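Enquirer: Before I ask anything, let me first share the structure, which is written out below as structure tokens.
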Amino acid sequence: MNSQGAVFRFIYEDASWYFAKLMLLFITVPLTIVWIIAGLVFDLDQGTLAAISGPAYFFLAGFGLFGFKSLFSISIGMGSTREQFLKAFYSVGTGGVVFSILCLNICQYALVTIYQWNSVEAGILHVARLFLDEYRFFDYLWIDLMAGMASFGLSFFCYAIIYRIGFIRSVIMFMIVTVAGIFLYYGGTISALFDWMSNFKMSAMAIASCIGAVSLAALFATYPMLRHAPLHPMPRKG
């Protein structure tokens, strides 16, 4: 097996354990069963929201924040190039997001269906509730997928910046951008843009799609940042 195939298999096996076993089998499925039992045993009203998605988002962001660090140096030691590692990491990471969100929504669908069969009034805690009044599987799945991609892509983008320039410099850069944004907004330079965005009408699916597109752009923007990355991140005080 060549180095590209070896590193892909290495990352895939690690991600499979992380997403399929640790997140899904050990946390999401048991949490779903607990909420199903609670709905059948207790009198849950409309104010109750069954929450099983929280751990999934935590794990998606966690893979973006810590997956690279734990796998990068080992993969390079196996003979992989940085470009090969990044391509494998992107493909396995996005595949892990799709798999995790699909399994999560199947669990949520089972939860909602059992509640409806047994006239349980409780709902589910889901990001799509911000946009939609009633549960629709495919709409919820798409919005959840875009939110999951944001958790993975944006967290990895932030980690890549810190990895290359260091924590202190990242904080300084963040503060410079924040202060500049405050002055530009209240000075009227970009306030018109925000007013236009607030008045622009978009459907829930379009908003979710835009979030997903931005997240994917942020994810792949890490390629030029990391294709020549050192084996170890910039020191904390670097």
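Each chain of the structure tokens is named A, B, ... in the order shown, its residues numbered from 1; ligands are numbered from 1 in display order.
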Residues near Ala206 in chain A, anyone? I mean within 12 Å using only C-alpha atoms, not counting same-chain ones fewer than 3 positions away, as a PyMOL selection string.
Expert: chain A and resi 131+139+142-143+146+200-203+209-213
Enquirer: Give me, as a count of residues only, the residues of range 52-197 of chain A that a backbone DSSP run labels alpha helix (DSSP H).
Expert: 111
Enquirer: At a cut-off of 12 Å, using only C-alpha atoms, what residues contact Arg136 in chain A? Leave out same-chain residues fewer than 4 positions from it and give the result as an mmCIF file with N, CA, C and O atoms, in the first residue's frame.
Expert:
```cif
data_model
loop_
_atom_site.group_PDB
_atom_site.id
_atom_site.type_symbol
_atom_site.label_atom_id
_atom_site.label_comp_id
_atom_site.auth_asym_id
_atom_site.auth_seq_id
_atom_site.Cartn_x
_atom_site.Cartn_y
_atom_site.Cartn_z
ATOM 1 N N ASN A 105 -29.778 12.402 12.859
ATOM 2 C CA ASN A 105 -31.139 12.716 12.430
ATOM 3 C C ASN A 105 -32.019 11.481 12.326
ATOM 4 O O ASN A 105 -33.243 11.573 12.493
ATOM 5 N N GLN A 108 -33.100 11.140 15.810
ATOM 6 C CA GLN A 108 -34.110 12.150 16.110
ATOM 7 C C GLN A 108 -35.446 11.805 15.457
ATOM 8 O O GLN A 108 -36.506 12.025 16.054
ATOM 9 N N TYR A 109 -35.393 11.261 14.252
ATOM 10 C CA TYR A 109 -36.622 10.845 13.585
ATOM 11 C C TYR A 109 -37.315 9.731 14.365
ATOM 12 O O TYR A 109 -38.547 9.742 14.535
ATOM 13 N N VAL A 112 -38.910 11.362 17.465
ATOM 14 C CA VAL A 112 -40.128 12.105 17.145
ATOM 15 C C VAL A 112 -41.273 11.152 16.804
ATOM 16 O O VAL A 112 -42.419 11.342 17.238
ATOM 17 N N THR A 113 -40.979 10.116 16.019
ATOM 18 C CA THR A 113 -42.018 9.164 15.603
ATOM 19 C C THR A 113 -42.602 8.429 16.800
ATOM 20 O O THR A 113 -43.838 8.292 16.923
ATOM 21 N N HIS A 126 -33.196 21.280 18.394
ATOM 22 C CA HIS A 126 -32.588 21.223 17.066
ATOM 23 C C HIS A 126 -32.406 22.637 16.550
ATOM 24 O O HIS A 126 -33.260 23.509 16.762
ATOM 25 N N ALA A 128 -32.726 23.694 13.649
ATOM 26 C CA ALA A 128 -33.755 24.031 12.658
ATOM 27 C C ALA A 128 -34.986 24.672 13.295
ATOM 28 O O ALA A 128 -35.773 25.325 12.596
ATOM 29 N N ARG A 129 -35.172 24.522 14.594
ATOM 30 C CA ARG A 129 -36.306 25.148 15.272
ATOM 31 C C ARG A 129 -36.219 26.670 15.216
ATOM 32 O O ARG A 129 -37.223 27.356 15.418
ATOM 33 N N PHE A 131 -35.752 28.243 12.524
ATOM 34 C CA PHE A 131 -36.262 28.643 11.225
ATOM 35 C C PHE A 131 -37.595 28.013 10.872
ATOM 36 O O PHE A 131 -38.387 28.599 10.127
ATOM 37 N N LEU A 132 -37.870 26.814 11.367
ATOM 38 C CA LEU A 132 -39.052 26.059 10.954
ATOM 39 C C LEU A 132 -39.980 25.826 12.136
ATOM 40 O O LEU A 132 -39.519 25.587 13.251
ATOM 41 N N TYR A 140 -34.796 19.317 8.258
ATOM 42 C CA TYR A 140 -33.995 19.266 9.485
ATOM 43 C C TYR A 140 -32.613 18.663 9.205
ATOM 44 O O TYR A 140 -31.598 19.126 9.742
ATOM 45 N N LEU A 141 -32.585 17.635 8.360
ATOM 46 C CA LEU A 141 -31.317 16.988 8.029
ATOM 47 C C LEU A 141 -30.375 17.961 7.326
ATOM 48 O O LEU A 141 -29.181 18.046 7.666
ATOM 49 N N TRP A 142 -30.885 18.714 6.356
ATOM 50 C CA TRP A 142 -30.033 19.639 5.605
ATOM 51 C C TRP A 142 -29.504 20.763 6.500
ATOM 52 O O TRP A 142 -28.311 21.087 6.458
ATOM 53 N N ILE A 143 -30.383 21.341 7.295
ATOM 54 C CA ILE A 143 -29.952 22.415 8.197
ATOM 55 C C ILE A 143 -28.940 21.889 9.207
ATOM 56 O O ILE A 143 -27.925 22.538 9.504
ATOM 57 N N ASP A 144 -29.176 20.693 9.720
ATOM 58 C CA ASP A 144 -28.256 20.076 10.661
ATOM 59 C C ASP A 144 -26.905 19.795 10.006
ATOM 60 O O ASP A 144 -25.844 19.980 10.615
#
```
